[in-house]
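Asker: Take this structure first; my questions come after.
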Amino acid sequence: MEVPRRPQPSSFTLALPKPASSALPPLGAVQKVHKKDPVNEKLQEKDGNPENNTFGGETFGAEEESDVFVSVEAPAETSELDDSNASAVDSKLSSQNSFSEESSTSEERLAQEAEEAKKKSEEERAAAKEREAQRQVLAIEELVQSERNYLRLLQVSTVTIRSNLQKLQPPPANLDSMFLYIEDVIDVSSRLLSLLDQKQVQPGDPLFLETLCDSFLSLSADIEAAYKEYLANYNHITVLENSYKQKEGLWNEIVRVIKASAPEVNATSLSFFLVMPVQRIARYPLLLQTIQKHTDQAHPAYSLLEQTAHTSIALNCRINEYKRFREVADKYKKTETLTIKDKIYRLNSHSIAKKTARLSQQIKHETGITPKLVDEEFDALEGFFYVLEHGILELLENVETYLEHLQTFLACKTEEFDFDMDGEKAPICYKEITTALRQWILPTFEKRMRTLIHKPLCSLRDLLVGPRNLIRKRLDKLLDYEVIEAKSNLSYEEQAVANTYRTINTLLLNELPQFNGLALQMIWSMLGTFSCLHKDLASDMEQLFQSFAQQLPHSSLSPGAFWEWAGCAVLEGARKLETLCRSVEDTLNAPAIQPLSPSSQRRLKQLTDKHGSGKIYQVIGAVVGSRDLDLNLAKGELVAMISETDSSGDKRRWLVDAGGRRGYAPPAKLIRYHQPTEDPPPSPHLTLPEGVTGIRRHSYTPESRTLTVSQPYIQVVAAYDFTSRGNHEVSIRAGEPVCVLEPHDKRGNPEWSLVEVRGGQRGYVPSNYLTVMPMGVRPLGFYQPY
């Protein structure tokens, strides 16, 4: 389709007479003359685009009129052309003057309109700026006011509701764990508001935004520390609340307490309050970004506000990452006590393949087929952790042993014994001091020991379980990770294995140094507390003894003389105690001859015939062999001593004959056997004079024959010589008079009698070595007294 063209101005041809003598050549062409209007040029320069000019149409018409087309036929008729041209120029000048007047009027109108538009745009910008400032103030006020309401509701839940729930009978189980870490959240929120209130600047003040940003940035580390622990523990809160809901009566009481404690919020569960920190930490970036959106970039605190918004976003990211780490740690640090049946149920193809791959990887490491992935930083942390664990367990064992010994000491109530020394001052002071120690000083010391040392050590021991399990699980995941490490393309399950290992490794590298540092600090603190407790104990005991010091007999001595006397008294008491212990030991080791069984009698006869009566020993305690050729002997068994040393010359092992069996036995468990005789050796002086009868006392035969004694007095004398073989026995000579103190030994055996001979020496002698004689009868050959 052809576009219609604008109609061109028609040309006109003037027929002029052609002069005869014309020197000019005929043109035969059309010439176009274009003239420009200076007014239009100014308007075009001012507006920049002539098409946008209001008067564009008129300008275009003028331009068309300024185009003159002349067709020249002959140069002879130039005069006529000049006349016509002159008339055309006159008409053109008149039209240009009128157009200039119109152009000046339009310039004034354009300037006025431009000024009005500029003024209007300035007013609109000012109004928009004012609206943005109002929105900024409202956003700041929303942040501050919502923070105050948030803090108020947290305090209501922590103080009012919690205290009212504790008054229930019985109170809900594990109620304190529901509000764990919420005190830290309340503390950091109150500190943020106090920093804003200290400046005494209102939200409408331009300085308030700078104060808000500075306060938030200064508390960002504390906000992260408080909220990350609370959010990591929030799953436990929901689980505990669900356990309350399962008990209908208890849950109705909890709802009643919540509604009565906070009627203005119409809450029906604890999670209404306890979920607020989870929601609040996520709202900080939104509120700060809203303030930033309505803040002019030329504001002096804009860059600080932008930094604060970025900090709040990064803070939320770190808290979420920490919560993810804690979930992984809680999953793998649990200790399960599984029976063999449970372990069998857990066996499947996947678990068997996984454990087989781990075992194969360990074998490759041990044989050097594949290199082991080494992390020196983690290895150092792990080694230090195990050193701390050993030290904590060792210290706890020593503290428990110490407390057991203290309990044993307190159970021994020595002040209640009667020493028959009531008239002396020293025993009275001793009773008072011992009573004060047992009833006041030592129980207080023991209670402080259990509270300040034993209980924290037990808690620290329980905390070791989680890191220990996590370290072991990291080793398992490391073996899994080494198998898939070289692969370029990982499946979904393999990517999950790699992510689990990296998470556990990162968690241990971040948390294990803190745990090691805190554990070491606690150990040093408890050791210092242990020293302080003993210092306080010594101070209390010194104060107690000083109150009784003036009543003791040696209180007037100088310190040097007192300590010298005390040392001598202690040594003397130690010697007496040693003598007493030896005497008791000898008494306990006194010979005990029990009636023998028929088999023992046959063995005794066999050993006596083979080795003689002087080498027969009796076992006083069960003997359990621990080395080659050692015998196992029962208590009371009879053996014959062959050699007092073993093959290497060791005197701590005797070679003995146990009636067919030969071997080694410790001499400490053997005692010489005193073989009783059926009838004592005949005494040449047992015949009493005529008319005098008597009874033989303490003979081997239990029957006693009552004899008529014509004389009122009798005496006990030694019928035979006897040589003592230890401290518990005494030597006697035939005819020597003795005083029988006990007709039996400590075990009630009548075969031995406790006697006292001349000189006051006491000891045991065989009962069948004694006889009775009338007073004044002294047969020939009897022992002559001194």
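How things are named: the first chain in the structure tokens is A, the next is B, and so on; residues count from 1 in each chain; ligands count from 1 in the order shown.
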Show me, as JSON, numbers by chain, the residues that have an atom within 12 Å of Ser269 (chain A) when counting only C-alpha atoms, minus same-chain residues fewer than 5 positions from it.
Answerer: {"A": [157, 161, 237, 238, 241, 242, 244, 245, 251, 252, 253, 254, 255, 256, 257, 258, 259, 261, 262, 274, 275]}
Asker: Would you put the residues from that selection into a file with N, CA, C and O atoms, as a short mmCIF file (atom, residue, chain, number, x, y, z; two decimals), in the first residue's frame?
Answerer:
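Generated output (part.cif):
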```
data_model
loop_
_atom_site.label_atom_id
_atom_site.label_comp_id
_atom_site.auth_asym_id
_atom_site.auth_seq_id
_atom_site.Cartn_x
_atom_site.Cartn_y
_atom_site.Cartn_z
N SER A 157 5.43 -14.76 83.02
CA SER A 157 5.50 -16.21 82.96
C SER A 157 6.56 -16.77 83.90
O SER A 157 6.37 -17.84 84.50
N ILE A 161 3.59 -16.89 87.06
CA ILE A 161 3.04 -18.21 86.72
C ILE A 161 3.91 -19.32 87.31
O ILE A 161 3.39 -20.31 87.85
N ILE A 237 11.18 -28.38 75.95
CA ILE A 237 10.03 -27.69 76.55
C ILE A 237 8.73 -28.24 75.98
O ILE A 237 7.77 -28.52 76.72
N THR A 238 8.67 -28.40 74.66
CA THR A 238 7.44 -28.92 74.05
C THR A 238 7.17 -30.36 74.47
O THR A 238 6.01 -30.74 74.70
N GLU A 241 5.79 -30.25 78.02
CA GLU A 241 4.42 -29.76 78.06
C GLU A 241 3.44 -30.81 77.56
O GLU A 241 2.33 -30.96 78.10
N ASN A 242 3.82 -31.56 76.56
CA ASN A 242 2.95 -32.64 76.08
C ASN A 242 2.78 -33.73 77.14
O ASN A 242 1.70 -34.33 77.24
N TYR A 244 2.63 -33.10 80.31
CA TYR A 244 1.64 -32.54 81.23
C TYR A 244 0.22 -32.69 80.67
O TYR A 244 -0.73 -32.96 81.41
N LYS A 245 0.09 -32.52 79.35
CA LYS A 245 -1.24 -32.60 78.76
C LYS A 245 -1.82 -34.00 78.83
O LYS A 245 -3.05 -34.17 78.79
N TRP A 251 -3.19 -30.96 83.95
CA TRP A 251 -3.23 -29.92 82.91
C TRP A 251 -4.34 -28.91 83.19
O TRP A 251 -4.18 -27.70 82.94
N ASN A 252 -5.48 -29.36 83.72
CA ASN A 252 -6.55 -28.41 84.07
C ASN A 252 -6.09 -27.45 85.16
O ASN A 252 -6.42 -26.25 85.12
N GLU A 253 -5.33 -27.96 86.13
CA GLU A 253 -4.80 -27.08 87.17
C GLU A 253 -3.81 -26.07 86.58
O GLU A 253 -3.81 -24.89 86.96
N ILE A 254 -2.98 -26.52 85.65
CA ILE A 254 -2.00 -25.61 85.03
C ILE A 254 -2.72 -24.51 84.25
O ILE A 254 -2.36 -23.32 84.34
N VAL A 255 -3.74 -24.86 83.49
CA VAL A 255 -4.50 -23.86 82.72
C VAL A 255 -5.19 -22.88 83.66
O VAL A 255 -5.22 -21.65 83.41
N ARG A 256 -5.73 -23.38 84.76
CA ARG A 256 -6.40 -22.49 85.72
C ARG A 256 -5.40 -21.49 86.31
O ARG A 256 -5.70 -20.29 86.43
N VAL A 257 -4.19 -21.96 86.65
CA VAL A 257 -3.17 -21.07 87.20
C VAL A 257 -2.75 -20.03 86.17
O VAL A 257 -2.55 -18.85 86.50
N ILE A 258 -2.60 -20.45 84.91
CA ILE A 258 -2.18 -19.50 83.85
C ILE A 258 -3.23 -18.42 83.66
O ILE A 258 -2.90 -17.22 83.56
N LYS A 259 -4.50 -18.78 83.60
CA LYS A 259 -5.56 -17.78 83.40
C LYS A 259 -5.68 -16.85 84.60
O LYS A 259 -5.94 -15.65 84.43
N SER A 261 -3.21 -16.04 86.65
CA SER A 261 -2.00 -15.23 86.77
C SER A 261 -1.90 -14.15 85.70
O SER A 261 -1.33 -13.09 85.94
N ALA A 262 -2.42 -14.42 84.50
CA ALA A 262 -2.34 -13.45 83.41
C ALA A 262 -3.68 -13.36 82.70
O ALA A 262 -3.85 -13.85 81.57
N LEU A 274 6.28 -19.29 76.36
CA LEU A 274 7.63 -19.81 76.14
C LEU A 274 8.03 -19.81 74.68
O LEU A 274 9.22 -19.97 74.37
N VAL A 275 7.09 -19.65 73.76
CA VAL A 275 7.44 -19.57 72.34
C VAL A 275 7.83 -18.15 71.94
O VAL A 275 8.35 -17.93 70.83
#
```
Asker: Could you pull the residues within 9 Å of Leu153 (chain A), counting only C-alpha atoms, minus those fewer than 6 positions along the same chain, as an NGL selection string?
Answerer: :A and (262 or 265 or 273 or 276)
Asker: Would you mind listing what lies within 12 Å of Ala634 (chain A) as a PyMOL selection string, with only C-alpha atoms counted and same-chain residues fewer than 5 positions away left out?
Answerer: chain A and resi 618-625+639+658+665+669-670
Asker: Write out, as an mmCIF file, in the first residue's frame, the residues just selected, with N, CA, C and O atoms.
Answerer:
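Contents of selection24.cif, as written:
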```cif
data_model
loop_
_atom_site.group_PDB
_atom_site.id
_atom_site.type_symbol
_atom_site.label_atom_id
_atom_site.label_comp_id
_atom_site.auth_asym_id
_atom_site.auth_seq_id
_atom_site.Cartn_x
_atom_site.Cartn_y
_atom_site.Cartn_z
ATOM 1 N N GLN A 618 49.993 -77.489 112.019
ATOM 2 C CA GLN A 618 48.560 -77.389 111.716
ATOM 3 C C GLN A 618 48.292 -76.083 110.981
ATOM 4 O O GLN A 618 48.864 -75.036 111.307
ATOM 5 N N VAL A 619 47.406 -76.118 109.967
ATOM 6 C CA VAL A 619 47.063 -74.931 109.169
ATOM 7 C C VAL A 619 46.051 -74.099 109.939
ATOM 8 O O VAL A 619 44.986 -74.607 110.325
ATOM 9 N N ILE A 620 46.394 -72.830 110.189
ATOM 10 C CA ILE A 620 45.500 -71.945 110.959
ATOM 11 C C ILE A 620 44.616 -71.088 110.063
ATOM 12 O O ILE A 620 43.742 -70.373 110.552
ATOM 13 N N GLY A 621 44.848 -71.135 108.771
ATOM 14 C CA GLY A 621 44.014 -70.381 107.828
ATOM 15 C C GLY A 621 44.060 -71.036 106.467
ATOM 16 O O GLY A 621 45.019 -71.727 106.124
ATOM 17 N N ALA A 622 43.013 -70.846 105.696
ATOM 18 C CA ALA A 622 42.955 -71.485 104.382
ATOM 19 C C ALA A 622 44.099 -70.984 103.505
ATOM 20 O O ALA A 622 44.408 -69.794 103.468
ATOM 21 N N VAL A 623 44.730 -71.897 102.801
ATOM 22 C CA VAL A 623 45.863 -71.587 101.923
ATOM 23 C C VAL A 623 45.427 -71.865 100.491
ATOM 24 O O VAL A 623 44.968 -72.975 100.176
ATOM 25 N N VAL A 624 45.567 -70.841 99.622
ATOM 26 C CA VAL A 624 45.233 -70.967 98.203
ATOM 27 C C VAL A 624 46.510 -70.775 97.409
ATOM 28 O O VAL A 624 47.148 -69.721 97.496
ATOM 29 N N GLY A 625 46.923 -71.779 96.668
ATOM 30 C CA GLY A 625 48.168 -71.712 95.913
ATOM 31 C C GLY A 625 48.059 -70.756 94.742
ATOM 32 O O GLY A 625 47.076 -70.775 93.994
ATOM 33 N N VAL A 639 50.024 -81.040 108.391
ATOM 34 C CA VAL A 639 51.098 -81.248 107.421
ATOM 35 C C VAL A 639 52.384 -81.487 108.199
ATOM 36 O O VAL A 639 52.494 -81.165 109.391
ATOM 37 N N ALA A 658 51.636 -83.166 102.890
ATOM 38 C CA ALA A 658 50.241 -83.153 103.329
ATOM 39 C C ALA A 658 49.627 -84.532 103.294
ATOM 40 O O ALA A 658 48.439 -84.695 103.060
ATOM 41 N N ALA A 665 53.975 -74.168 101.065
ATOM 42 C CA ALA A 665 52.950 -73.453 101.823
ATOM 43 C C ALA A 665 53.617 -72.316 102.584
ATOM 44 O O ALA A 665 54.782 -72.431 102.988
ATOM 45 N N LYS A 669 50.950 -69.269 107.733
ATOM 46 C CA LYS A 669 49.676 -69.949 107.925
ATOM 47 C C LYS A 669 49.830 -71.292 108.662
ATOM 48 O O LYS A 669 48.869 -72.047 108.765
ATOM 49 N N LEU A 670 51.048 -71.575 109.187
ATOM 50 C CA LEU A 670 51.297 -72.847 109.875
ATOM 51 C C LEU A 670 51.680 -72.583 111.321
ATOM 52 O O LEU A 670 52.324 -71.577 111.633
#
```
Asker: Find the distance between CA of Gln495 (chain A) and CA of Arg358 (chain A) and write it in Å to one decimal.
Answerer: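 So the answer is 17.3 Å.
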